[in-house]
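For reference, protein-v3.txt (compact mmCIF, C-alpha atoms):
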# COMPACT_ATOMS: atom_id res chain seq x y z
CA MET A 27 4.17 -21.53 20.29
CA ASN A 28 4.02 -23.87 17.31
CA ALA A 29 6.24 -25.38 14.64
CA HIS A 30 5.86 -22.28 12.48
CA ASP A 31 6.59 -19.89 15.36
CA PRO A 32 9.04 -21.71 17.64
CA THR A 33 9.83 -18.71 19.85
CA GLY A 34 6.35 -17.23 19.94
CA ALA A 35 7.73 -13.98 18.52
CA VAL A 36 5.38 -13.89 15.53
CA THR A 37 2.38 -14.48 17.79
CA GLU A 38 3.50 -11.74 20.17
CA ALA A 39 4.02 -9.19 17.40
CA ALA A 40 0.71 -10.05 15.73
CA ALA A 41 -1.09 -9.67 19.05
CA ALA A 42 0.46 -6.24 19.67
CA LEU A 43 -0.65 -4.98 16.25
CA ALA A 44 -4.13 -6.45 16.70
CA GLU A 45 -4.47 -4.69 20.04
CA ALA A 46 -3.45 -1.40 18.44
CA THR A 47 -6.22 -1.88 15.89
CA ARG A 48 -8.78 -2.79 18.55
CA THR A 49 -8.00 0.13 20.85
CA GLY A 50 -7.05 2.76 18.27
CA LYS A 51 -3.83 3.35 20.17
CA PRO A 52 -0.52 2.81 18.30
CA CYS A 53 1.88 0.31 19.82
CA PRO A 54 5.67 0.40 20.27
CA PRO A 55 7.75 -0.93 17.36
CA VAL A 56 7.38 -4.68 16.96
CA ARG A 57 10.95 -5.11 15.70
CA SER A 58 12.05 -5.61 19.31
CA MET A 59 9.86 -8.72 19.47
CA LEU A 60 11.22 -10.31 16.29
CA PRO A 61 14.68 -11.55 15.34
CA GLU A 62 16.77 -8.54 14.33
CA GLY A 63 16.32 -7.65 10.68
CA ASP A 64 14.23 -10.76 10.00
CA VAL A 65 11.93 -9.69 7.15
CA GLY A 66 10.72 -13.28 6.78
CA ALA A 67 9.40 -13.19 10.35
CA ALA A 68 7.75 -9.85 9.58
CA TYR A 69 5.93 -11.37 6.60
CA ALA A 70 4.84 -14.22 8.89
CA VAL A 71 3.19 -11.60 11.12
CA GLN A 72 1.54 -10.07 8.07
CA ARG A 73 0.23 -13.49 7.02
CA ARG A 74 -1.39 -13.85 10.45
CA TYR A 75 -3.21 -10.58 9.82
CA VAL A 76 -4.34 -11.66 6.34
CA GLU A 77 -5.48 -15.09 7.52
CA GLY A 78 -7.44 -13.50 10.36
CA ALA A 79 -9.05 -11.00 8.02
CA LEU A 80 -10.11 -13.75 5.62
CA ALA A 81 -11.48 -15.79 8.51
CA ASP A 82 -13.55 -12.76 9.50
CA GLY A 83 -15.10 -12.71 6.02
CA ARG A 84 -13.12 -9.83 4.54
CA ARG A 85 -12.46 -10.04 0.77
CA LEU A 86 -8.90 -9.89 -0.58
CA VAL A 87 -8.88 -7.78 -3.77
CA GLY A 88 -5.19 -7.19 -4.50
CA ARG A 89 -1.86 -5.98 -3.19
CA LYS A 90 -0.02 -2.75 -2.54
CA ILE A 91 3.67 -2.16 -3.17
CA GLY A 92 5.64 -0.04 -0.74
CA LEU A 93 9.19 1.27 -0.45
CA THR A 94 9.48 2.03 -4.18
CA SER A 95 11.41 5.26 -3.57
CA PRO A 96 15.21 4.85 -3.54
CA ALA A 97 15.42 7.55 -0.86
CA VAL A 98 13.04 5.69 1.43
CA GLN A 99 14.84 2.41 0.77
CA ARG A 100 18.11 4.04 1.84
CA GLN A 101 16.42 5.44 4.92
CA LEU A 102 15.22 2.00 6.00
CA GLY A 103 18.35 0.18 4.87
CA VAL A 104 16.74 -2.05 2.24
CA ASP A 105 17.31 -2.64 -1.45
CA GLN A 106 13.89 -3.82 -2.58
CA PRO A 107 10.22 -2.92 -2.10
CA ASP A 108 7.74 -4.62 0.18
CA PHE A 109 4.09 -5.57 -0.26
CA GLY A 110 0.87 -5.75 1.70
CA ALA A 111 -2.69 -7.01 1.22
CA LEU A 112 -5.64 -4.94 -0.03
CA PHE A 113 -9.14 -5.77 1.14
CA ALA A 114 -12.43 -4.58 -0.33
CA ASP A 115 -13.37 -2.73 2.87
CA MET A 116 -10.24 -0.57 2.56
CA ALA A 117 -11.61 1.01 -0.64
CA VAL A 118 -13.21 4.42 -0.15
CA PRO A 119 -15.47 5.60 -2.99
CA GLU A 120 -14.44 8.99 -4.34
CA GLY A 121 -16.67 11.66 -2.82
CA GLN A 122 -17.27 9.73 0.41
CA PRO A 123 -15.54 11.48 3.35
CA ILE A 124 -13.16 9.41 5.45
CA ALA A 125 -14.61 9.30 8.94
CA ALA A 126 -12.68 10.99 11.72
CA GLY A 127 -10.88 8.43 13.87
CA ARG A 128 -11.07 5.65 11.27
CA LEU A 129 -7.25 5.65 10.99
CA LEU A 130 -4.55 6.12 13.60
CA GLN A 131 -1.85 8.22 11.90
CA PRO A 132 -2.88 8.78 8.28
CA LYS A 133 -0.68 10.08 5.49
CA VAL A 134 -1.59 10.42 1.81
CA GLU A 135 0.39 9.51 -1.29
CA ALA A 136 -0.50 9.53 -4.98
CA GLU A 137 0.17 6.54 -7.17
CA VAL A 138 -0.87 4.48 -10.17
CA ALA A 139 -3.17 1.50 -9.70
CA LEU A 140 -3.26 -1.35 -12.20
CA VAL A 141 -6.33 -3.56 -12.47
CA LEU A 142 -5.58 -6.96 -13.96
CA GLY A 143 -7.66 -8.65 -16.62
CA ALA A 144 -5.65 -11.89 -16.57
CA ASP A 145 -3.57 -13.98 -14.16
CA LEU A 146 0.19 -13.49 -13.80
CA PRO A 147 1.26 -16.95 -12.59
CA HIS A 148 4.85 -17.03 -13.89
CA GLY A 149 7.85 -16.48 -11.67
CA ASP A 150 9.66 -14.62 -14.43
CA PRO A 151 7.04 -12.29 -15.94
CA THR A 152 8.05 -9.95 -18.74
CA VAL A 153 6.83 -6.44 -19.45
CA ALA A 154 4.84 -7.95 -22.33
CA ASP A 155 3.14 -10.36 -19.92
CA LEU A 156 2.23 -7.49 -17.62
CA LEU A 157 0.95 -5.27 -20.42
CA ARG A 158 -1.24 -8.08 -21.77
CA ALA A 159 -2.55 -8.90 -18.30
CA THR A 160 -3.43 -5.33 -17.28
CA ALA A 161 -6.96 -4.27 -18.16
CA PHE A 162 -6.45 -0.60 -17.26
CA ALA A 163 -4.75 1.92 -14.96
CA LEU A 164 -6.32 4.39 -12.53
CA PRO A 165 -5.05 7.38 -10.55
CA THR A 166 -5.12 6.49 -6.88
CA LEU A 167 -4.70 8.01 -3.45
CA GLU A 168 -3.35 5.55 -0.91
CA ILE A 169 -3.97 6.60 2.67
CA VAL A 170 -1.14 4.91 4.47
CA ASP A 171 -1.36 4.35 8.21
CA SER A 172 0.81 2.87 10.93
CA ARG A 173 -0.13 0.97 14.03
CA ILE A 174 3.43 1.72 15.23
CA ALA A 175 3.62 4.80 17.47
CA ASP A 176 5.01 7.97 15.85
CA TRP A 177 5.78 6.10 12.60
CA ASP A 178 8.95 4.79 14.29
CA ILE A 179 9.45 2.04 11.74
CA THR A 180 12.08 -0.12 10.11
CA ILE A 181 11.49 -2.54 7.26
CA VAL A 182 10.51 -5.20 9.82
CA ASP A 183 7.87 -2.97 11.42
CA THR A 184 6.21 -1.88 8.20
CA VAL A 185 6.13 -5.37 6.67
CA ALA A 186 4.59 -6.81 9.84
CA ASP A 187 2.06 -3.96 9.80
CA ASN A 188 0.72 -5.00 6.36
CA ALA A 189 3.12 -2.58 4.63
CA SER A 190 1.51 0.32 6.53
CA CYS A 191 -1.66 0.06 4.47
CA GLY A 192 -4.77 1.91 5.59
CA LEU A 193 -7.28 2.84 2.89
CA TYR A 194 -7.27 3.71 -0.81
CA VAL A 195 -9.34 5.82 -3.19
CA LEU A 196 -9.44 4.79 -6.85
CA GLY A 197 -10.13 7.29 -9.61
CA GLY A 198 -13.19 6.53 -11.72
CA THR A 199 -11.91 6.75 -15.30
CA PRO A 200 -9.99 3.65 -16.49
CA VAL A 201 -7.15 4.22 -18.95
CA PRO A 202 -5.72 1.38 -21.09
CA LEU A 203 -1.94 1.17 -20.98
CA ASP A 204 -1.59 1.81 -24.72
CA ARG A 205 -2.80 5.36 -24.06
CA VAL A 206 -0.29 6.36 -21.39
CA ASP A 207 3.46 6.09 -20.74
CA LEU A 208 3.53 5.30 -17.03
CA ARG A 209 7.25 6.02 -16.69
CA ALA A 210 6.79 9.56 -18.04
CA VAL A 211 3.63 10.60 -16.18
CA THR A 212 3.93 13.56 -13.81
CA MET A 213 2.04 13.85 -10.52
CA THR A 214 0.94 16.79 -8.42
CA LEU A 215 -0.73 16.29 -5.02
CA THR A 216 -2.53 19.17 -3.33
CA LYS A 217 -3.72 19.48 0.26
CA ASN A 218 -6.41 22.09 0.86
CA GLY A 219 -5.47 23.64 -2.48
CA GLU A 220 -1.72 23.87 -1.86
CA THR A 221 0.84 21.62 -3.57
CA VAL A 222 2.40 19.24 -1.04
CA SER A 223 3.98 16.58 -3.27
CA GLN A 224 5.23 16.23 -6.82
CA GLY A 225 6.87 13.41 -8.74
CA SER A 226 6.76 11.20 -11.78
CA GLY A 227 6.38 7.61 -12.86
CA ALA A 228 10.15 7.31 -12.97
CA ASP A 229 10.25 8.04 -9.21
CA CYS A 230 8.47 4.73 -8.58
CA LEU A 231 11.31 2.21 -8.91
CA GLY A 232 12.04 3.64 -12.36
CA SER A 233 8.49 2.89 -13.55
CA PRO A 234 5.24 1.65 -12.00
CA LEU A 235 5.53 -1.29 -14.40
CA THR A 236 8.89 -2.27 -12.89
CA ALA A 237 7.33 -2.25 -9.43
CA ALA A 238 4.41 -4.38 -10.64
CA LEU A 239 6.78 -6.88 -12.25
CA TRP A 240 8.66 -7.23 -8.96
CA LEU A 241 5.40 -7.93 -7.17
CA ALA A 242 4.16 -10.42 -9.76
CA SER A 243 7.43 -12.33 -9.63
CA THR A 244 7.60 -12.29 -5.82
CA LEU A 245 4.04 -13.49 -5.32
CA ALA A 246 4.35 -16.20 -7.98
CA GLY A 247 7.45 -17.43 -6.19
CA LEU A 248 5.45 -17.64 -2.98
CA GLY A 249 2.75 -19.71 -4.68
CA ASP A 250 0.19 -16.91 -4.35
CA PRO A 251 0.26 -15.20 -7.77
CA LEU A 252 -1.64 -12.14 -8.91
CA ARG A 253 -5.00 -13.04 -10.45
CA ALA A 254 -7.44 -11.50 -12.90
CA GLY A 255 -9.40 -8.77 -11.18
CA ASP A 256 -6.65 -7.94 -8.69
CA ILE A 257 -5.90 -4.30 -7.89
CA VAL A 258 -2.20 -3.46 -7.68
CA LEU A 259 -1.18 -0.18 -6.05
CA THR A 260 2.25 0.28 -7.61
CA GLY A 261 3.84 2.72 -5.15
CA ALA A 262 4.10 6.43 -4.44
CA LEU A 263 5.08 8.85 -7.20
CA GLY A 264 6.25 11.44 -4.67
CA PRO A 265 6.56 12.12 -0.92
CA MET A 266 3.57 11.43 1.31
CA ALA A 267 1.71 14.16 3.16
CA VAL A 268 0.28 14.08 6.70
CA ALA A 269 -3.52 14.11 6.84
CA ALA A 270 -5.78 15.51 9.55
CA GLU A 271 -9.50 15.94 10.11
CA GLY A 272 -10.98 18.38 7.59
CA ASP A 273 -8.18 18.06 5.04
CA ALA A 274 -8.97 17.72 1.33
CA PHE A 275 -6.51 16.07 -1.07
CA THR A 276 -6.48 15.94 -4.86
CA ALA A 277 -3.91 14.23 -7.07
CA HIS A 278 -3.52 14.91 -10.76
CA ILE A 279 -1.55 12.34 -12.72
CA GLU A 280 -0.88 13.34 -16.31
CA GLY A 281 -2.62 10.98 -18.71
CA LEU A 282 -4.67 9.32 -15.98
CA GLY A 283 -6.69 12.22 -14.59
CA THR A 284 -7.50 13.22 -11.03
CA VAL A 285 -8.59 11.55 -7.81
CA SER A 286 -9.65 13.19 -4.54
CA ALA A 287 -10.13 12.29 -0.89
CA ASP A 288 -11.67 14.30 1.93
CA PHE A 289 -11.19 13.73 5.65
CA ALA A 290 -14.30 14.45 7.69
CA LYS A 291 -14.15 16.66 10.75
CA GLY A 292 -14.78 15.08 14.12
CA ALA A 293 -18.05 15.55 15.98
CA GLY A 294 -16.43 18.13 18.25
CA ALA A 295 -14.68 20.05 15.49

Could you show the structure in this file as structure tokens?
Amino acid sequence: MNAHDPTGAVTEAAAALAEATRTGKPCPPVRSMLPEGDVGAAYAVQRRYVEGALADGRRLVGRKIGLTSPAVQRQLGVDQPDFGALFADMAVPEGQPIAAGRLLQPKVEAEVALVLGADLPHGDPTVADLLRATAFALPTLEIVDSRIADWDITIVDTVADNASCGLYVLGGTPVPLDRVDLRAVTMTLTKNGETVSQGSGADCLGSPLTAALWLASTLAGLGDPLRAGDIVLTGALGPMAVAAEGDAFTAHIEGLGTVSADFAKGAGA
């Protein structure tokens, strides 16, 4: 226990998630360890994870936004998105198979990534600020994962679990924002050649730019603003799809191009 964790609940939850990572075995929901509905305590758990990762020499390269779908927000009983940390070692180069067993319970979603060319330090950023600060957009596959058994999550669980972030695959062709209307883009995600998810930019909090503005404002308010070079995964454009060994996913986002991810088969497959 310490002054920042008077009941020891944050420490207990962080330890449970760390053990799930170490063993590869999902843990029970951590919401039972934290004050009921306390999202602030959940972010304190997430900060423990980030601080530990940085202490281990991992490189923070941006943030992901989650819960941008109104339907998912209603399901979890929240009225705003959440965010998690992206590290360089979470990035999978396109064409490199994702090793079997690297994730616990992977699911795939297609989204727009923004790569910043300038800082966004203001607590009240405008769309103009964001447009000026963004160097380019990329089509992206986020491979979400959960250290919580059976994806039995509430807002508290997913925030504590770094917003259920696993890995991400960035497309390789950057597109400046003056060449694409992110609100109007359409997305199709295929799994082994069959369509498993469809959506549009408007399905991401009304626009991926709206989601990014929320993140920029939130992080500036926390004294940890988005910086030049940061990657921002703006949130899913459609429902996520379960991934298994041997699966191949491709997302096409109109105006941004395609991005693919393959899951390797296990040694015994």

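Atom CA of Leu167 of chain A lies 25.8 Å from atom CA of Thr49 of chain A.
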
Select from segment 66-185 of chain A every residue with an atom at most 10 Å from any atom of segment 235-238 of chain A, then for each give the shortest pair of atoms and their distance in Å to one decimal, using all atoms listed in the file, rows by chain and rising number, as a tab-separated table.
residue	atom	partner	partner_atom	distance
A:Arg89	CA	A:Ala238	CA	9.9
A:Lys90	CA	A:Ala238	CA	9.4
A:Ile91	CA	A:Ala237	CA	7.3
A:Gly92	CA	A:Ala237	CA	9.1
A:Leu93	CA	A:Ala237	CA	9.8
A:Thr94	CA	A:Ala237	CA	7.1
A:Gln106	CA	A:Ala237	CA	9.6
A:Pro107	CA	A:Ala237	CA	7.9
A:Asp108	CA	A:Ala237	CA	9.9
A:Val138	CA	A:Leu235	CA	9.6
A:Ala139	CA	A:Ala238	CA	9.6
A:Leu140	CA	A:Ala238	CA	8.4
A:Pro151	CA	A:Ala238	CA	9.9
A:Thr152	CA	A:Thr236	CA	9.7
A:Val153	CA	A:Leu235	CA	7.3
A:Leu156	CA	A:Leu235	CA	7.7
A:Leu157	CA	A:Leu235	CA	8.5

Take the residues from that selection and put them in a file with C-alpha atoms, as a CSV table (one decimal), in the frame of the given file.
chain,number,residue,atom,x,y,z
A,89,ARG,CA,-1.9,-6.0,-3.2
A,90,LYS,CA,0.0,-2.8,-2.5
A,91,ILE,CA,3.7,-2.2,-3.2
A,92,GLY,CA,5.6,0.0,-0.7
A,93,LEU,CA,9.2,1.3,-0.4
A,94,THR,CA,9.5,2.0,-4.2
A,106,GLN,CA,13.9,-3.8,-2.6
A,107,PRO,CA,10.2,-2.9,-2.1
A,108,ASP,CA,7.7,-4.6,0.2
A,138,VAL,CA,-0.9,4.5,-10.2
A,139,ALA,CA,-3.2,1.5,-9.7
A,140,LEU,CA,-3.3,-1.4,-12.2
A,151,PRO,CA,7.0,-12.3,-15.9
A,152,THR,CA,8.0,-10.0,-18.7
A,153,VAL,CA,6.8,-6.4,-19.4
A,156,LEU,CA,2.2,-7.5,-17.6
A,157,LEU,CA,1.0,-5.3,-20.4

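Take the candidates A:Leu86, A:Ile179, A:Leu196, A:Leu259 and check each one against Val118 of chain A using all atoms listed in the file; the shortest distance goes to A:Leu196.
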
Top pick for closest residue to Val285 of chain A, considering A:Asn188, A:Trp177, A:Thr214, A:Ile124 and counting only C-alpha atoms: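 Looking at the shortest contact to Val285 of chain A, the residue is A:Thr214.
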
Using only C-alpha atoms, determine which residues lie at most 10 Å from Ala274 of chain A, disregarding the query and same-chain residues fewer than 2 positions distant; provide the list as a PyMOL selection string. chain A and resi 123+216-219+269-272+276+286-290

May I have the residues from that selection written out with C-alpha atoms, as a short mmCIF file (atom, residue, chain, number, x, y, z; two decimals), keeping the file's coordinate frame?
data_model
loop_
_atom_site.label_atom_id
_atom_site.label_comp_id
_atom_site.auth_asym_id
_atom_site.auth_seq_id
_atom_site.Cartn_x
_atom_site.Cartn_y
_atom_site.Cartn_z
CA PRO A 123 -15.54 11.48 3.35
CA THR A 216 -2.53 19.17 -3.33
CA LYS A 217 -3.72 19.48 0.26
CA ASN A 218 -6.41 22.09 0.86
CA GLY A 219 -5.47 23.64 -2.48
CA ALA A 269 -3.52 14.11 6.84
CA ALA A 270 -5.78 15.51 9.55
CA GLU A 271 -9.50 15.94 10.11
CA GLY A 272 -10.98 18.38 7.59
CA THR A 276 -6.48 15.94 -4.86
CA SER A 286 -9.65 13.19 -4.54
CA ALA A 287 -10.13 12.29 -0.89
CA ASP A 288 -11.67 14.30 1.93
CA PHE A 289 -11.19 13.73 5.65
CA ALA A 290 -14.30 14.45 7.69
#

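Minimum atom-to-atom distance to Asp155 of chain A, evaluated using only C-alpha atoms, belongs to A:Leu142 out of A:Leu142, A:Leu248, A:Ala44, A:Ala267.
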
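Closest to Thr33 of chain A among A:Leu60, A:Gly292, A:Val65, A:Arg48 is A:Leu60, based on all atoms listed in the file.
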
One decimal, in Å: what's the spacing between atom CA of Ser95 of chain A and atom CA of Cys230 of chain A? 5.8 Å

Enumerate, in order of chain and increasing residue number, the residues of segment 165-193 of chain A with an atom no farther than 12 Å from segment 76-79 of chain A, each with its shortest atom pair and distance in Å to one decimal, counting all atoms listed in the file, as a tab-separated table.
residue	atom	partner	partner_atom	distance
A:Ala186	CA	A:Val76	CA	10.7
A:Asp187	CA	A:Val76	CA	10.6
A:Asn188	CA	A:Val76	CA	8.4
A:Ala189	CA	A:Val76	CA	11.9

Near Pro265 of chain A, counting all atoms listed in the file, which residues have an atom at most 8 Å away, once you skip same-chain residues fewer than 6 positions from it, shown as a list of chain:residue names?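 The filter keeps A:Glu135, A:Ser223, A:Gln224, A:Gly225.
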
Might you pull out every residue within 10 Å of Glu137 of chain A, with all atoms listed in the file counted and same-chain residues fewer than 3 positions away left off, and present them as a PyMOL selection string? chain A and resi 134+140+164-168+196+213+225-227+230+234+259-264+277-279

Which polymer residues have any atom within 12 Å of an atom of segment 56-58 of chain A, counting only C-alpha atoms, with same-chain residues fewer than 5 positions away left out, as a count of residues only? 33

Please, what distance in Å, to one decimal, runs between atom CA of Asp115 of chain A and atom CA of Val170 of chain A?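 So the answer is 14.5 Å.
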
Who sits within 8 Å of Leu129 of chain A, all atoms listed in the file, same chain under 4 positions skipped, as a VMD selection string: chain A and resid 50 171 192

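Of the listed residues (A:Ala70, A:Ala163, A:Ala117, A:Ala125), A:Ala163 comes nearest to Val201 of chain A; the distances count all atoms listed in the file.
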
Of the listed residues A:Leu112, A:Leu215, A:Ala136, A:Leu146, that which approaches Leu245 of chain A most closely, counting only C-alpha atoms: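 Closest to Leu245 of chain A, using only C-alpha atoms: A:Leu146.
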